[in-house]
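For reference, the structure is listed below as structure tokens.
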Amino acid sequence: MDELIKTFNNIKEDNNLDFSIFLNKTLLFGNGMGEKSRLDVNNEYFEVSFISLSPKEASIYKYFISKTIEEYFKNNIDNSPFKNLLLNKKIHKNSLEKLKKDMKSGTLIIISSKNTKYNLNLLHEIYGDNALVEYFDDNIVFYKNMKEDIDSEVLSIYSAIVENSLEEPYIAYSHNDISYKDVNCAYNNLNKLINISKIYLKNTYILKEDNFRLLYLLDSLNSKSKIKILNIKENEYILNNLDKDLILTIITLVENDMNLQKASEKLFIHRNTLNYRLQKFKNDFNIDLKNIKNIIYVYILILLKREADIKFY
């Protein structure tokens with residue numbers, strides 16, 4: 001509303017006009033003096049009051065101010081209530097009421113890819129009108145109540161995009177209880193997750209927010225703190241002596257909730273091979289990676305090293 005208030009101030013100065021504007025009975029501009037008169041603009045409850053104007057003058061300025069407000073809404077509220085909700089912009093009351101009904105609980109997904117428009121059409125083919133879909137800032141933003149297994153459905157979307165557009169998109173997604181009230185915060189978090197994952201993670205394209213909250217913490221550290229952690233002698237020794245297989249093993253284990261079976265399947269190795277790698281690490285560094293605190297610590301070191309050295313595995 002700052003731009004609108006600036007416009008009111010210009011009207012006041014250019015016309016030497018003393019007036020006040022109220023929105024939903026709350027003073028928005030002016031000193032609040034004078035008799036209020038209703039402005040029916042964009043289904044919002046605006047009122048205006050003038051001081052020292054004849055009824056004819058008041059009628060003329062009332063019409064002019066109404067048109068000014070209409071123009072503001074026309075330029076600042078586009079035809080996509082869902083997009084406005086994502087960006088925390090103004091939404092018409094009727095549109096908001098519909099979104100409240102449609103967005104009681106669901107999953108928010110952001111898809112970042114090169115072939116965005118093609119993938120947008122692909123999603124429309126798959127879901128039709130059974131989901132809210134938007135395209136802006138080179139991303140597809142997608143909201144749907146996923147009653148089935150969310151992880152499997154997201155994997156299906158990823159596979160469909162890979163198969164049809166021959167690229168691997170980044171897909172970040174929330175849990176399934178995002179309502180219209182949470183969607184702006186969820187959108188900002190998922191957008192941030194995609195951006196910071198490109199720094200800390202390699203070849204990880206499917207990003208379930210609940211599994212990567214640690215990245216937000218790492219990203220909040222200042223550069224000096226990160227360098228200080230990496231320069232600790234023990235940490236330097238670990239990072240300088242890790243091979244690619246161990247790094248992939250550690251990352252895959254953490255990202256699969258320490259589930260050995262899942263991790264071995266993702267790594268395309270036998271579970272015994274996975275256990276051998278963990279034992280080898282324990283023998284080499286005297287650190288037991290089956291202890292959650294230990295493996296998270298080493299995982300953090302790997303991510304910080306990746307940020308500092310793009311050539312690191």
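Chain lettering (A, B, ...) mirrors the order of the structure tokens, residue numbering begins at 1 for each chain separately, and ligand numbering begins at 1 in order of display.
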
Per-residue DSSP, stretch 50-270 of chain A, filtered to helix (DSSP H, G or I), as an MDAnalysis selection string: chainID A and resid 55:76 81:86 93:102 116:127 150:165 183:200 209:211 213:220 223:230 233:240 244:255 260:267

Filtered DSSP result for stretch 71-240 of chain A, state strand (DSSP E or B), as a list of chain:residue names: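 So the strand (DSSP E or B) residues in stretch 71-240 of chain A would be A:Gly106, A:Thr107, A:Leu108, A:Ile109, A:Ile110, A:Ile111, A:Ser112, A:Leu132, A:Val133, A:Glu134, A:Tyr135, A:Phe136, A:Asn139, A:Ile140, A:Val141, A:Phe142, A:Tyr143, A:Lys144, A:Tyr170, A:Ile171, A:Ala172, A:Tyr173, A:Ile178, A:Ile206, A:Leu207, A:Lys208.
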
How would the residues just chosen look if you wrote them out with N, CA and C atoms as a JSON list (two decimals), in the first residue's frame?
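As a result, part03.json now contains:
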```json
[["chain", "number", "residue", "atom", "x", "y", "z"],
["A", 106, "GLY", "N", -2.35, -29.31, 1.98],
["A", 106, "GLY", "CA", -1.75, -29.87, 0.77],
["A", 106, "GLY", "C", -0.24, -29.72, 0.76],
["A", 107, "THR", "N", 0.36, -30.15, -0.34],
["A", 107, "THR", "CA", 1.81, -30.09, -0.52],
["A", 107, "THR", "C", 2.15, -28.99, -1.51],
["A", 108, "LEU", "N", 3.15, -28.18, -1.16],
["A", 108, "LEU", "CA", 3.65, -27.17, -2.09],
["A", 108, "LEU", "C", 4.93, -27.69, -2.72],
["A", 109, "ILE", "N", 5.04, -27.54, -4.03],
["A", 109, "ILE", "CA", 6.19, -28.04, -4.79],
["A", 109, "ILE", "C", 6.72, -26.92, -5.68],
["A", 110, "ILE", "N", 8.04, -26.76, -5.71],
["A", 110, "ILE", "CA", 8.67, -25.85, -6.67],
["A", 110, "ILE", "C", 9.54, -26.69, -7.60],
["A", 111, "ILE", "N", 9.37, -26.48, -8.89],
["A", 111, "ILE", "CA", 10.15, -27.21, -9.90],
["A", 111, "ILE", "C", 11.00, -26.19, -10.66],
["A", 112, "SER", "N", 12.30, -26.36, -10.58],
["A", 112, "SER", "CA", 13.23, -25.47, -11.27],
["A", 112, "SER", "C", 13.88, -26.24, -12.41],
["A", 132, "LEU", "N", -3.32, -26.58, -8.21],
["A", 132, "LEU", "CA", -3.03, -25.17, -8.50],
["A", 132, "LEU", "C", -1.61, -25.10, -9.05],
["A", 133, "VAL", "N", -1.47, -24.54, -10.23],
["A", 133, "VAL", "CA", -0.15, -24.48, -10.87],
["A", 133, "VAL", "C", 0.12, -23.06, -11.35],
["A", 134, "GLU", "N", 1.34, -22.56, -11.06],
["A", 134, "GLU", "CA", 1.75, -21.23, -11.51],
["A", 134, "GLU", "C", 3.15, -21.31, -12.12],
["A", 135, "TYR", "N", 3.44, -20.37, -12.99],
["A", 135, "TYR", "CA", 4.76, -20.29, -13.61],
["A", 135, "TYR", "C", 5.25, -18.85, -13.53],
["A", 136, "PHE", "N", 6.35, -18.61, -12.83],
["A", 136, "PHE", "CA", 6.98, -17.29, -12.80],
["A", 136, "PHE", "C", 8.39, -17.44, -12.24],
["A", 139, "ASN", "N", 10.31, -20.67, -12.60],
["A", 139, "ASN", "CA", 9.96, -21.82, -11.78],
["A", 139, "ASN", "C", 8.50, -22.19, -11.97],
["A", 140, "ILE", "N", 8.21, -23.47, -11.78],
["A", 140, "ILE", "CA", 6.82, -23.91, -11.70],
["A", 140, "ILE", "C", 6.50, -24.10, -10.22],
["A", 141, "VAL", "N", 5.41, -23.51, -9.77],
["A", 141, "VAL", "CA", 4.97, -23.69, -8.38],
["A", 141, "VAL", "C", 3.64, -24.41, -8.42],
["A", 142, "PHE", "N", 3.54, -25.43, -7.60],
["A", 142, "PHE", "CA", 2.49, -26.44, -7.76],
["A", 142, "PHE", "C", 1.95, -26.78, -6.37],
["A", 143, "TYR", "N", 0.61, -26.76, -6.23],
["A", 143, "TYR", "CA", 0.00, -27.08, -4.92],
["A", 143, "TYR", "C", -1.09, -28.13, -5.12],
["A", 144, "LYS", "N", -1.01, -29.19, -4.32],
["A", 144, "LYS", "CA", -2.02, -30.26, -4.44],
["A", 144, "LYS", "C", -2.11, -31.02, -3.12],
["A", 170, "TYR", "N", 15.32, -29.60, -10.58],
["A", 170, "TYR", "CA", 15.32, -29.53, -9.12],
["A", 170, "TYR", "C", 13.87, -29.48, -8.66],
["A", 171, "ILE", "N", 13.51, -30.34, -7.72],
["A", 171, "ILE", "CA", 12.15, -30.34, -7.17],
["A", 171, "ILE", "C", 12.25, -30.27, -5.65],
["A", 172, "ALA", "N", 11.76, -29.17, -5.09],
["A", 172, "ALA", "CA", 11.71, -29.02, -3.63],
["A", 172, "ALA", "C", 10.25, -29.08, -3.20],
["A", 173, "TYR", "N", 9.97, -29.82, -2.13],
["A", 173, "TYR", "CA", 8.57, -29.96, -1.72],
["A", 173, "TYR", "C", 8.41, -30.02, -0.21],
["A", 178, "ILE", "N", 0.21, -28.01, 4.38],
["A", 178, "ILE", "CA", 0.34, -26.58, 4.09],
["A", 178, "ILE", "C", -1.04, -26.02, 3.72],
["A", 206, "ILE", "N", 15.98, -34.06, -5.95],
["A", 206, "ILE", "CA", 14.69, -34.13, -5.25],
["A", 206, "ILE", "C", 14.93, -33.75, -3.80],
["A", 207, "LEU", "N", 14.31, -32.66, -3.37],
["A", 207, "LEU", "CA", 14.61, -32.05, -2.07],
["A", 207, "LEU", "C", 13.36, -31.99, -1.20],
["A", 208, "LYS", "N", 13.23, -32.94, -0.32],
["A", 208, "LYS", "CA", 12.13, -32.92, 0.64],
["A", 208, "LYS", "C", 12.55, -32.03, 1.81]]
```

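Of the residues listed (A:Asn240, A:Thr68, A:Ser49, A:Ser220), A:Thr68 shows the shortest atom-to-atom separation from A:Thr7; distances use only C-alpha atoms.
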
For A:Phe281, the nearest of the candidates A:Leu217, A:Ile238, A:Val48, A:Ile232, counting only C-alpha atoms: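 Residue with the minimum atom-to-atom distance to A:Phe281: A:Ile238.
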
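Within 8 Å of stretch 96-100 of chain A there are Pro81, Phe82, Ser179 and Tyr180 of chain A, counting only C-alpha atoms and ignoring same-chain residues fewer than 6 positions away.
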
Output N, CA and C atoms for every residue in that selection, as a PDB file, in the first residue's frame.
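Contents of out-v5.pdb, freshly written:
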```pdb
ATOM      1  N   PRO A  81      -4.730 -15.177  -8.280  1.00  0.00           N
ATOM      2  CA  PRO A  81      -4.785 -15.131  -6.815  1.00  0.00           C
ATOM      3  C   PRO A  81      -3.764 -16.060  -6.169  1.00  0.00           C
ATOM      4  N   PHE A  82      -3.543 -17.244  -6.755  1.00  0.00           N
ATOM      5  CA  PHE A  82      -2.580 -18.194  -6.196  1.00  0.00           C
ATOM      6  C   PHE A  82      -1.168 -17.600  -6.203  1.00  0.00           C
ATOM      7  N   SER A 179      -1.466 -24.987   4.422  1.00  0.00           N
ATOM      8  CA  SER A 179      -2.743 -24.348   4.107  1.00  0.00           C
ATOM      9  C   SER A 179      -2.475 -22.998   3.446  1.00  0.00           C
ATOM     10  N   TYR A 180      -3.528 -22.307   3.088  1.00  0.00           N
ATOM     11  CA  TYR A 180      -3.367 -21.009   2.426  1.00  0.00           C
ATOM     12  C   TYR A 180      -2.572 -20.037   3.305  1.00  0.00           C
TER      13      TYR A 180
END
```

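Going from atom CA of A:Lys305 over to atom CA of A:Leu201, you cover 10.8 Å.
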
Would you mind reading off the distance between atom CA of A:Asn191 and atom CA of A:His92, one decimal, in Å? 25.3 Å

Proximity of stretch 47-119 of chain A to stretch 19-37 of chain A: per-residue shortest pair, 10 Å limit, only C-alpha atoms, as a Markdown table:
```
| residue | atom | partner | partner_atom | distance |
| --- | --- | --- | --- | --- |
| A:Glu47 | CA | A:Phe22 | CA | 4.9 |
| A:Val48 | CA | A:Ile21 | CA | 4.6 |
| A:Ser49 | CA | A:Lys36 | CA | 4.5 |
| A:Phe50 | CA | A:Phe19 | CA | 4.4 |
| A:Ile51 | CA | A:Gly34 | CA | 5.6 |
| A:Ser52 | CA | A:Gly34 | CA | 8.7 |
| A:Leu53 | CA | A:Phe19 | CA | 9.7 |
| A:Ala58 | CA | A:Ser37 | CA | 9.7 |
| A:Ser59 | CA | A:Ser37 | CA | 10.0 |
| A:Tyr61 | CA | A:Phe19 | CA | 9.7 |
| A:Lys62 | CA | A:Ser37 | CA | 8.6 |
| A:Ile65 | CA | A:Ile21 | CA | 9.5 |
```

What is the distance, in Å and to one decimal place, between atom CA of A:Arg277 and atom CA of A:Lys198?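 Going from atom CA of A:Arg277 over to atom CA of A:Lys198, I get 26.7 Å.
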
Please provide as an NGL selection string all residues within 10 Å of A:Leu87, with the sequence filter that same-chain residues fewer than 3 positions apart are discarded (counting only C-alpha atoms). :A and (81-84 or 90 or 183-185 or 187-188)
